[in-house]
file upload-v1.cif (mmCIF, C-alpha atoms)
data_input
#
loop_
_atom_site.label_atom_id
_atom_site.label_comp_id
_atom_site.auth_asym_id
_atom_site.auth_seq_id
_atom_site.Cartn_x
_atom_site.Cartn_y
_atom_site.Cartn_z
CA MET A 1 6.82 15.81 17.60
CA ILE A 2 3.89 13.55 16.73
CA ARG A 3 2.29 12.34 13.52
CA LEU A 4 -1.49 12.39 13.23
CA SER A 5 -3.30 10.49 10.47
CA ARG A 6 -6.78 11.12 9.14
CA ALA A 7 -8.57 9.10 6.44
CA VAL A 8 -10.97 11.14 4.32
CA ARG A 9 -13.29 9.24 1.99
CA CYS A 10 -14.93 10.95 -0.95
CA SER A 11 -16.71 10.21 -4.20
CA VAL A 12 -15.91 11.79 -7.53
CA ASN A 13 -19.13 11.97 -9.50
CA ASP A 14 -19.99 13.08 -13.02
CA ALA A 15 -21.67 16.15 -11.55
CA PRO A 16 -19.10 18.38 -9.77
CA SER A 17 -19.51 18.86 -6.04
CA ALA A 18 -19.29 22.66 -6.36
CA GLY A 19 -16.56 22.89 -3.74
CA VAL A 20 -18.35 20.38 -1.50
CA ALA A 21 -19.99 23.16 0.49
CA GLN A 22 -23.02 23.21 -1.77
CA ALA A 23 -23.32 19.44 -1.50
CA GLY A 24 -24.59 19.91 2.04
CA PRO A 25 -23.14 18.83 5.38
CA PRO A 26 -21.71 15.31 5.69
CA VAL A 27 -24.46 12.78 6.32
CA ASN A 28 -22.20 9.74 6.20
CA GLY A 29 -18.64 10.90 6.72
CA TYR A 30 -17.54 7.34 7.44
CA ALA A 31 -18.43 6.13 3.95
CA ALA A 32 -17.88 9.20 1.76
CA HIS A 33 -18.62 12.89 1.44
CA PRO A 34 -19.64 13.86 -1.17
CA PRO A 35 -21.68 10.64 -1.41
CA MET A 36 -21.73 8.40 -4.46
CA GLN A 37 -24.02 9.46 -7.29
CA GLY A 38 -24.58 6.96 -10.08
CA LEU A 39 -21.39 5.42 -11.43
CA GLY A 40 -18.92 7.51 -9.49
CA ARG A 41 -15.40 6.84 -8.25
CA HIS A 42 -14.67 6.16 -4.59
CA TYR A 43 -11.33 7.32 -3.16
CA GLU A 44 -9.72 7.42 0.25
CA LEU A 45 -7.17 10.09 1.12
CA VAL A 46 -4.96 9.50 4.15
CA LEU A 47 -3.36 12.74 5.29
CA GLU A 48 -0.60 12.36 7.84
CA CYS A 49 0.35 15.57 9.62
CA TRP A 50 3.17 16.29 12.02
CA GLY A 51 3.89 18.82 14.71
CA GLU A 52 3.83 19.52 18.43
CA VAL A 53 0.90 18.98 20.77
CA ASP A 54 -0.63 22.09 22.34
CA PRO A 55 -0.15 21.61 26.12
CA LEU A 56 -3.36 23.52 26.82
CA THR A 57 -5.78 21.68 24.54
CA GLY A 58 -3.99 18.35 24.12
CA TYR A 59 -4.56 18.85 20.39
CA PHE A 60 -1.99 19.16 17.66
CA LEU A 61 -4.51 19.76 14.89
CA SER A 62 -8.27 19.46 14.69
CA ILE A 63 -9.33 16.65 12.38
CA SER A 64 -12.00 18.97 10.99
CA GLU A 65 -9.17 21.07 9.53
CA ILE A 66 -7.71 18.00 7.87
CA ASP A 67 -11.12 17.04 6.47
CA ARG A 68 -11.58 20.57 5.14
CA ALA A 69 -8.17 20.59 3.48
CA ALA A 70 -8.85 17.28 1.75
CA ARG A 71 -12.29 18.25 0.49
CA THR A 72 -11.67 21.87 -0.49
CA ALA A 73 -8.06 21.71 -1.72
CA VAL A 74 -7.51 18.15 -2.96
CA LEU A 75 -10.96 16.99 -4.10
CA PRO A 76 -11.43 19.73 -6.75
CA LEU A 77 -8.13 18.67 -8.37
CA LEU A 78 -9.28 15.04 -8.41
CA GLU A 79 -12.63 16.01 -9.91
CA ASP A 80 -11.02 18.08 -12.63
CA ALA A 81 -8.53 15.36 -13.56
CA CYS A 82 -11.21 12.65 -13.63
CA ARG A 83 -13.35 14.73 -15.98
CA SER A 84 -10.69 16.25 -18.25
CA ALA A 85 -7.87 13.68 -18.23
CA PRO A 86 -9.06 10.35 -16.81
CA GLN A 87 -6.10 8.55 -18.41
CA THR A 88 -3.63 10.41 -16.18
CA GLU A 89 -1.17 8.23 -14.28
CA PRO A 90 -1.95 8.83 -10.57
CA THR A 91 1.70 9.37 -9.65
CA LEU A 92 1.84 12.28 -12.12
CA LEU A 93 -1.06 14.00 -10.35
CA LEU A 94 0.18 13.26 -6.85
CA PRO A 95 2.64 16.20 -6.48
CA ALA A 96 -0.13 18.71 -7.18
CA LEU A 97 -2.37 17.04 -4.61
CA VAL A 98 0.39 17.10 -1.98
CA ARG A 99 1.21 20.76 -2.63
CA ALA A 100 -2.47 21.72 -2.38
CA ALA A 101 -2.98 19.80 0.87
CA SER A 102 0.26 21.12 2.37
CA ALA A 103 -0.70 24.73 1.59
CA ALA A 104 -4.17 24.26 3.07
CA LEU A 105 -2.62 22.77 6.23
CA GLU A 106 0.02 25.51 6.45
CA GLY A 107 2.97 23.20 6.03
CA ARG A 108 1.90 20.66 8.62
CA LEU A 109 1.39 17.84 6.12
CA HIS A 110 3.86 14.97 6.36
CA SER A 111 2.48 12.68 3.67
CA LEU A 112 -0.52 11.98 1.49
CA THR A 113 -1.66 8.48 0.58
CA TRP A 114 -4.26 8.20 -2.17
CA ARG A 115 -6.08 4.87 -2.12
CA LEU A 116 -7.55 4.38 -5.57
CA SER A 117 -8.94 0.95 -4.65
CA PRO A 118 -8.91 -1.33 -1.59
CA THR A 119 -5.63 -2.83 -2.86
CA TYR A 120 -3.89 -0.05 -4.83
CA SER A 121 -2.43 3.15 -3.42
CA VAL A 122 0.09 5.88 -4.21
CA ARG A 123 1.88 7.90 -1.55
CA MET A 124 4.14 10.93 -1.36
CA GLU A 125 5.94 12.59 1.55
CA THR A 126 6.47 16.35 1.67
CA GLN A 127 10.15 15.85 2.51
CA GLN A 128 10.65 13.61 -0.55
CA MET A 129 8.65 15.22 -3.32
CA ASP A 130 10.99 13.73 -5.89
CA ARG A 131 9.41 10.29 -5.55
CA ALA A 132 6.09 8.53 -5.17
CA ILE A 133 5.48 5.10 -3.63
CA ILE A 134 3.03 2.72 -5.30
CA ARG A 135 1.59 -0.31 -3.56
CA GLN A 136 -0.57 -3.12 -4.89
CA SER A 137 -1.78 -6.34 -3.28
CA PHE A 138 -1.67 -9.83 -4.80
CA GLU A 139 -2.46 -13.30 -3.48
CA PHE A 140 -1.20 -16.81 -3.89
CA ALA A 141 -2.14 -20.13 -2.31
CA ALA A 142 0.58 -22.45 -1.08
CA SER A 143 1.27 -25.15 1.47
CA HIS A 144 4.32 -25.63 3.66
CA VAL A 145 5.82 -27.40 6.64
CA LEU A 146 7.75 -25.52 9.28
CA HIS A 147 10.76 -27.61 10.24
CA SER A 148 14.35 -26.94 11.24
CA PRO A 149 16.79 -29.77 10.42
CA SER A 150 19.10 -28.63 13.21
CA LEU A 151 16.44 -29.44 15.83
CA SER A 152 15.26 -32.85 17.02
CA PRO A 153 11.77 -34.08 16.08
CA GLU A 154 10.65 -33.35 19.64
CA GLN A 155 12.06 -29.84 19.52
CA ASN A 156 10.43 -29.16 16.16
CA ARG A 157 7.04 -30.27 17.44
CA ALA A 158 7.45 -28.19 20.58
CA LEU A 159 8.44 -25.08 18.61
CA PHE A 160 6.16 -25.28 15.56
CA GLY A 161 3.24 -27.31 16.91
CA LYS A 162 0.69 -28.30 14.25
CA CYS A 163 2.71 -26.38 11.65
CA ASN A 164 5.31 -29.16 11.87
CA ASN A 165 2.85 -31.78 10.59
CA PRO A 166 4.76 -33.69 7.85
CA SER A 167 1.70 -33.55 5.60
CA GLY A 168 1.87 -29.76 5.66
CA HIS A 169 -0.85 -27.13 5.78
CA GLY A 170 -1.89 -24.26 3.52
CA HIS A 171 -2.42 -20.50 3.49
CA ASN A 172 -3.92 -17.95 1.17
CA TYR A 173 -1.01 -15.53 1.30
CA ARG A 174 -1.34 -11.85 0.46
CA ILE A 175 1.68 -9.94 -0.79
CA GLU A 176 2.13 -6.18 -1.17
CA PRO A 177 5.26 -4.75 -2.84
CA ALA A 178 6.07 -1.07 -2.28
CA VAL A 179 7.94 0.55 -5.18
CA ALA A 180 9.45 4.04 -5.29
CA VAL A 181 9.11 5.75 -8.68
CA PRO A 182 10.42 9.18 -9.76
CA ALA A 183 7.84 11.94 -9.41
CA GLY A 184 6.62 13.18 -12.77
CA SER A 185 7.89 10.09 -14.60
CA SER A 186 5.95 7.32 -16.29
CA ALA A 187 8.96 4.98 -16.41
CA PHE A 188 7.22 2.48 -14.12
CA GLY A 189 3.55 2.17 -13.22
CA LEU A 190 0.91 -0.20 -11.94
CA PRO A 191 0.74 -2.31 -15.13
CA ASP A 192 4.49 -2.92 -14.84
CA LEU A 193 4.21 -3.90 -11.16
CA GLU A 194 1.29 -6.22 -11.91
CA ARG A 195 3.13 -7.96 -14.76
CA ILE A 196 6.45 -8.36 -12.96
CA THR A 197 4.96 -9.57 -9.68
CA ASP A 198 2.87 -12.13 -11.55
CA GLU A 199 5.87 -13.37 -13.54
CA VAL A 200 8.41 -13.42 -10.73
CA ILE A 201 6.38 -14.24 -7.61
CA ILE A 202 2.85 -15.48 -8.26
CA ARG A 203 3.65 -17.99 -11.00
CA ARG A 204 6.58 -19.26 -8.95
CA LEU A 205 4.73 -19.74 -5.65
CA ASP A 206 1.02 -20.13 -6.37
CA HIS A 207 -0.46 -23.61 -5.80
CA THR A 208 2.85 -25.12 -4.74
CA HIS A 209 4.20 -26.94 -1.75
CA LEU A 210 6.94 -24.50 -0.82
CA ASN A 211 9.23 -27.09 0.78
CA ARG A 212 9.09 -29.37 -2.26
CA ASP A 213 8.43 -27.21 -5.32
CA VAL A 214 10.23 -23.90 -4.77
CA PRO A 215 14.06 -23.98 -5.04
CA GLU A 216 14.58 -21.31 -2.38
CA PHE A 217 12.85 -23.53 0.20
CA ALA A 218 13.30 -27.02 -1.23
CA GLY A 219 14.78 -29.64 1.03
CA ASP A 220 16.46 -27.94 3.96
CA ALA A 221 17.46 -24.81 2.04
CA LEU A 222 15.30 -22.40 4.04
CA ASN A 223 12.40 -22.78 6.44
CA PRO A 224 9.33 -21.25 4.66
CA SER A 225 8.20 -19.04 7.52
CA VAL A 226 6.39 -15.81 6.72
CA GLU A 227 9.62 -14.01 7.64
CA ASN A 228 11.64 -15.95 5.08
CA ILE A 229 8.91 -15.80 2.44
CA SER A 230 8.88 -12.00 2.62
CA LYS A 231 12.67 -11.88 2.18
CA VAL A 232 12.67 -14.34 -0.71
CA CYS A 233 9.91 -12.36 -2.46
CA PHE A 234 11.89 -9.15 -2.00
CA ASP A 235 15.12 -10.69 -3.30
CA LEU A 236 13.34 -12.07 -6.37
CA LEU A 237 11.39 -8.92 -7.14
CA ARG A 238 14.01 -6.21 -6.56
CA PRO A 239 16.22 -6.90 -9.62
CA ALA A 240 13.16 -7.41 -11.83
CA VAL A 241 11.76 -3.98 -10.87
CA ALA A 242 15.10 -2.31 -11.49
CA ALA A 243 15.52 -4.00 -14.87
CA ALA A 244 12.00 -3.22 -16.05
CA SER A 245 12.37 0.47 -15.21
CA GLY A 246 15.92 0.94 -16.42
CA GLY A 247 16.93 1.60 -12.83
CA ALA A 248 14.39 4.41 -12.40
CA ALA A 249 12.18 2.51 -9.92
CA ALA A 250 13.30 0.79 -6.74
CA LEU A 251 11.59 -1.86 -4.63
CA LEU A 252 11.43 -0.53 -1.06
CA SER A 253 9.80 -3.44 0.75
CA VAL A 254 7.54 -6.45 0.48
CA THR A 255 4.79 -7.23 3.00
CA VAL A 256 3.47 -10.79 3.21
CA TRP A 257 0.33 -11.73 5.15
CA GLU A 258 0.16 -15.36 6.19
CA THR A 259 -3.26 -14.73 7.76
CA GLU A 260 -5.26 -11.57 8.44
CA LYS A 261 -3.57 -11.41 11.82
CA THR A 262 0.01 -12.25 10.89
CA SER A 263 2.26 -10.37 8.46
CA CYS A 264 5.90 -9.56 7.92
CA VAL A 265 7.61 -6.64 6.16
CA TYR A 266 11.04 -7.03 4.58
CA PRO A 267 13.20 -5.02 4.90
CA GLY A 268 11.75 -3.88 8.19
#

call {"tool": "encode", "arguments": {"input": "upload-v1.cif", "output": "C-alpha cells"}}
result
Amino acid sequence: MIRLSRAVRCSVNDAPSAGVAQAGPPVNGYAAHPPMQGLGRHYELVLECWGEVDPLTGYFLSISEIDRAARTAVLPLLEDACRSAPQTEPTLLLPALVRAASAALEGRLHSLTWRLSPTYSVRMETQQMDRAIIRQSFEFAASHVLHSPSLSPEQNRALFGKCNNPSGHGHNYRIEPAVAVPAGSSAFGLPDLERITDEVIIRRLDHTHLNRDVPEFAGDALNPSVENISKVCFDLLRPAVAAASGGAAALLSVTVWETEKTSCVYPG
C-alpha cells in the first residue's frame, strides 16, 4: 500500500469555467488551470490517494486522473459556492468536495487538503469524514540562549556552539497549529484560531528574550530549543482551544519553524 499526493492549482473566476474543458488545454498547469481572470480566487487542492502499485506499469494511479477528478468533480462545486454562497465556512463545504473527489477516483482517495491561501488550509480524510483539520500559520520574533545548567561551560559550548553565546541570538519563528473540528459544525473556525493563538502564544512570546521574559523558560526552567518551544506552545494552546469551542474542537499538533530548514512538530 502506498500513498500518492498530487497538488492541483486552479482559479475560481467570476466567469464559470464551463467544466474546464471549454477553457482549453492547460497552458500553465504549474500555476493554475483554469488561469486567473481579473480578480479571481487562487486555490490549491492536494489529493492524496492510496492503493497498490501495478507490478506491470509501476503505476498506482496516473496523475492525469487525479487532475481530472479535481477539475471536473471538485472545481465546479467550488465555483458554485464562491458565486452563490461566498460566506460559507470552508469546513462546511469540505465533505461535499471529498465525496465528489472520492467518487471520481473510484474510492482511491485518502484525503483532500484545500489550501485557501499560502498559510491557511482545511483537510479531511475519507476514513474520518466526521472531522476536518484546519491549519493556519503565525509568526513571532524572539531571542534565546541554548544552555543546559547540568553541563559545564565547556560542554555547553561544545554542544550548542554559537547558540550558547550569553548575549543570545534571535529567530523569526513560524508556528502552525492544527485543530480538528466537527464536520458540518461552525463551533470553531479560523477567526477563533486566529484570536486564541494571538492571545495565548503570540502576545506571550513575540519580541521577548525567552530565557528571561517567558515563565516556561525563565532561569533554568526549560531550555528554549525548538523542540521545547513546540511543546510549550501546544500545552498553552490546547486548553484554550477546548474552552473556546466548548470541547467541540481539539488541538492535534503544533509545528514550530526556527528557520526555513528546521522545524519541530509536537506531538510527533

call {"tool": "closest_atom_pairs", "arguments": {"input": "upload-v1.cif", "of": "segment 40-106 of chain A", "to": "segment 132-140 of chain A", "cutoff": "9 Å", "atoms": "all atoms listed in the file", "output": "JSON lines"}}
result
{"residue": "A:Thr91", "atom": "CA", "partner": "A:Ala132", "partner_atom": "CA", "distance": 6.3}
{"residue": "A:Leu92", "atom": "CA", "partner": "A:Ala132", "partner_atom": "CA", "distance": 9.0}
{"residue": "A:Leu94", "atom": "CA", "partner": "A:Ala132", "partner_atom": "CA", "distance": 7.8}
{"residue": "A:Pro95", "atom": "CA", "partner": "A:Ala132", "partner_atom": "CA", "distance": 8.5}

call {"tool": "closest_atom_pairs", "arguments": {"input": "upload-v1.cif", "of": "segment 152-256 of chain A", "to": "segment 85-90 of chain A", "cutoff": "10 Å", "atoms": "only C-alpha atoms", "output": "CSV"}}
result
residue,atom,partner,partner_atom,distance
A:Gly184,CA,A:Glu89,CA,9.4
A:Ser185,CA,A:Glu89,CA,9.3
A:Ser186,CA,A:Glu89,CA,7.5
A:Gly189,CA,A:Glu89,CA,7.8
A:Leu190,CA,A:Glu89,CA,9.0

call {"tool": "write_last_selection", "arguments": {"input": "upload-v1.cif", "atoms": "C-alpha atoms", "output": "mmCIF file, keeping the file's coordinate frame"}}
result
data_model
loop_
_atom_site.group_PDB
_atom_site.id
_atom_site.type_symbol
_atom_site.label_atom_id
_atom_site.label_comp_id
_atom_site.auth_asym_id
_atom_site.auth_seq_id
_atom_site.Cartn_x
_atom_site.Cartn_y
_atom_site.Cartn_z
ATOM 1 C CA GLY A 184 6.620 13.180 -12.770
ATOM 2 C CA SER A 185 7.890 10.090 -14.600
ATOM 3 C CA SER A 186 5.950 7.320 -16.290
ATOM 4 C CA GLY A 189 3.550 2.170 -13.220
ATOM 5 C CA LEU A 190 0.910 -0.200 -11.940
#

call {"tool": "closest_atom_pairs", "arguments": {"input": "upload-v1.cif", "of": "segment 141-193 of chain A", "to": "segment 103-123 of chain A", "cutoff": "12 Å", "atoms": "only C-alpha atoms", "output": "Markdown table"}}
result
| residue | atom | partner | partner_atom | distance |
| --- | --- | --- | --- | --- |
| A:Arg174 | CA | A:Thr119 | CA | 10.5 |
| A:Ile175 | CA | A:Thr119 | CA | 10.4 |
| A:Glu176 | CA | A:Thr119 | CA | 8.6 |
| A:Pro177 | CA | A:Tyr120 | CA | 10.5 |
| A:Ala178 | CA | A:Val122 | CA | 9.4 |
| A:Val179 | CA | A:Val122 | CA | 9.5 |
| A:Ala180 | CA | A:Arg123 | CA | 9.3 |
| A:Val181 | CA | A:Val122 | CA | 10.1 |
| A:Pro182 | CA | A:Arg123 | CA | 11.9 |
| A:Ala183 | CA | A:Arg123 | CA | 10.7 |
| A:Gly189 | CA | A:Val122 | CA | 10.3 |
| A:Leu190 | CA | A:Tyr120 | CA | 8.6 |
| A:Pro191 | CA | A:Tyr120 | CA | 11.5 |
| A:Leu193 | CA | A:Tyr120 | CA | 11.0 |

call {"tool": "residues_near_point", "arguments": {"input": "upload-v1.cif", "point": "(8.9, -18.6, 3.8)", "cutoff": "10 Å", "atoms": "only C-alpha atoms", "output": "list in words"}}
result
His144, Val145, Leu146, Leu210, Asn211, Glu216, Phe217, Leu222, Asn223, Pro224, Ser225, Val226, Glu227, Asn228, Ile229, Ser230, Lys231, Val232, Cys233, Val256 and Glu258 of chain A

call {"tool": "residues_around", "arguments": {"input": "upload-v1.cif", "residues": "Asn172 of chain A", "least_positions_apart": "4", "cutoff": "10 Å", "atoms": "all atoms listed in the file", "output": "PyMOL selection string"}}
result
chain A and resi 139-143+206-207+257-260

call {"tool": "residues_near_point", "arguments": {"input": "upload-v1.cif", "point": "(15.4, 2.6, -15.5)", "cutoff": "12 Å", "atoms": "all atoms listed in the file", "output": "PyMOL selection string"}}
result
chain A and resi 180-182+185-188+239-250

call {"tool": "write_last_selection", "arguments": {"input": "upload-v1.cif", "atoms": "C-alpha atoms", "output": "mmCIF file, in the coordinates of the input"}}
result
data_model
loop_
_atom_site.group_PDB
_atom_site.id
_atom_site.type_symbol
_atom_site.label_atom_id
_atom_site.label_comp_id
_atom_site.auth_asym_id
_atom_site.auth_seq_id
_atom_site.Cartn_x
_atom_site.Cartn_y
_atom_site.Cartn_z
ATOM 1 C CA ALA A 180 9.450 4.040 -5.290
ATOM 2 C CA VAL A 181 9.110 5.750 -8.680
ATOM 3 C CA PRO A 182 10.420 9.180 -9.760
ATOM 4 C CA SER A 185 7.890 10.090 -14.600
ATOM 5 C CA SER A 186 5.950 7.320 -16.290
ATOM 6 C CA ALA A 187 8.960 4.980 -16.410
ATOM 7 C CA PHE A 188 7.220 2.480 -14.120
ATOM 8 C CA PRO A 239 16.220 -6.900 -9.620
ATOM 9 C CA ALA A 240 13.160 -7.410 -11.830
ATOM 10 C CA VAL A 241 11.760 -3.980 -10.870
ATOM 11 C CA ALA A 242 15.100 -2.310 -11.490
ATOM 12 C CA ALA A 243 15.520 -4.000 -14.870
ATOM 13 C CA ALA A 244 12.000 -3.220 -16.050
ATOM 14 C CA SER A 245 12.370 0.470 -15.210
ATOM 15 C CA GLY A 246 15.920 0.940 -16.420
ATOM 16 C CA GLY A 247 16.930 1.600 -12.830
ATOM 17 C CA ALA A 248 14.390 4.410 -12.400
ATOM 18 C CA ALA A 249 12.180 2.510 -9.920
ATOM 19 C CA ALA A 250 13.300 0.790 -6.740
#

call {"tool": "atom_distance", "arguments": {"input": "upload-v1.cif", "atom1": "atom CA of Leu93 of chain A", "atom2": "atom CA of Ile66 of chain A"}}
result
19.8 Å

call {"tool": "resolve_selection", "arguments": {"input": "upload-v1.cif", "expression": "the PyMOL selection byres ((chain A and resi 71-80) around 10)", "output": "PyMOL selection string"}}
result
chain A and resi 8-21+33-34+41+43+45+65-70+81-86+90+93-94+96-105

call {"tool": "atom_distance", "arguments": {"input": "upload-v1.cif", "atom1": "atom CA of Pro267 of chain A", "atom2": "atom CA of Ser253 of chain A"}}
result
5.6 Å

call {"tool": "axis_aligned_box", "arguments": {"input": "upload-v1.cif", "around": "segment 82-99 of chain A", "padding_each_side": "8 Å", "output": "lines of an AutoDock Vina configuration file"}}
result
center_x = -5.4
center_y = 14.5
center_z = -10.2
size_x = 32.0
size_y = 28.5
size_z = 32.4

call {"tool": "residues_around", "arguments": {"input": "upload-v1.cif", "residues": "Leu61 of chain A", "least_positions_apart": "6", "cutoff": "10 Å", "atoms": "only C-alpha atoms", "output": "list in words"}}
result
Leu4, Cys49, Trp50, Gly51, Glu52, Val53, Asp54, Leu105 and Arg108 of chain A

call {"tool": "atom_distance", "arguments": {"input": "upload-v1.cif", "atom1": "atom CA of Thr126 of chain A", "atom2": "atom CA of Ser5 of chain A"}}
result
14.4 Å

call {"tool": "closest_residue", "arguments": {"input": "upload-v1.cif", "among": "A:Tyr173, A:Gln127, A:Thr197, A:Gly168", "to": "Lys261 of chain A", "atoms": "only C-alpha atoms"}}
result
A:Tyr173

call {"tool": "closest_residue", "arguments": {"input": "upload-v1.cif", "among": "A:Met36, A:Val214, A:Ile201, A:Leu251", "to": "Leu236 of chain A", "atoms": "all atoms listed in the file"}}
result
A:Ile201

call {"tool": "closest_residue", "arguments": {"input": "upload-v1.cif", "among": "A:His147, A:Arg204, A:Arg3, A:Arg212", "to": "Leu159 of chain A", "atoms": "all atoms listed in the file"}}
result
A:His147
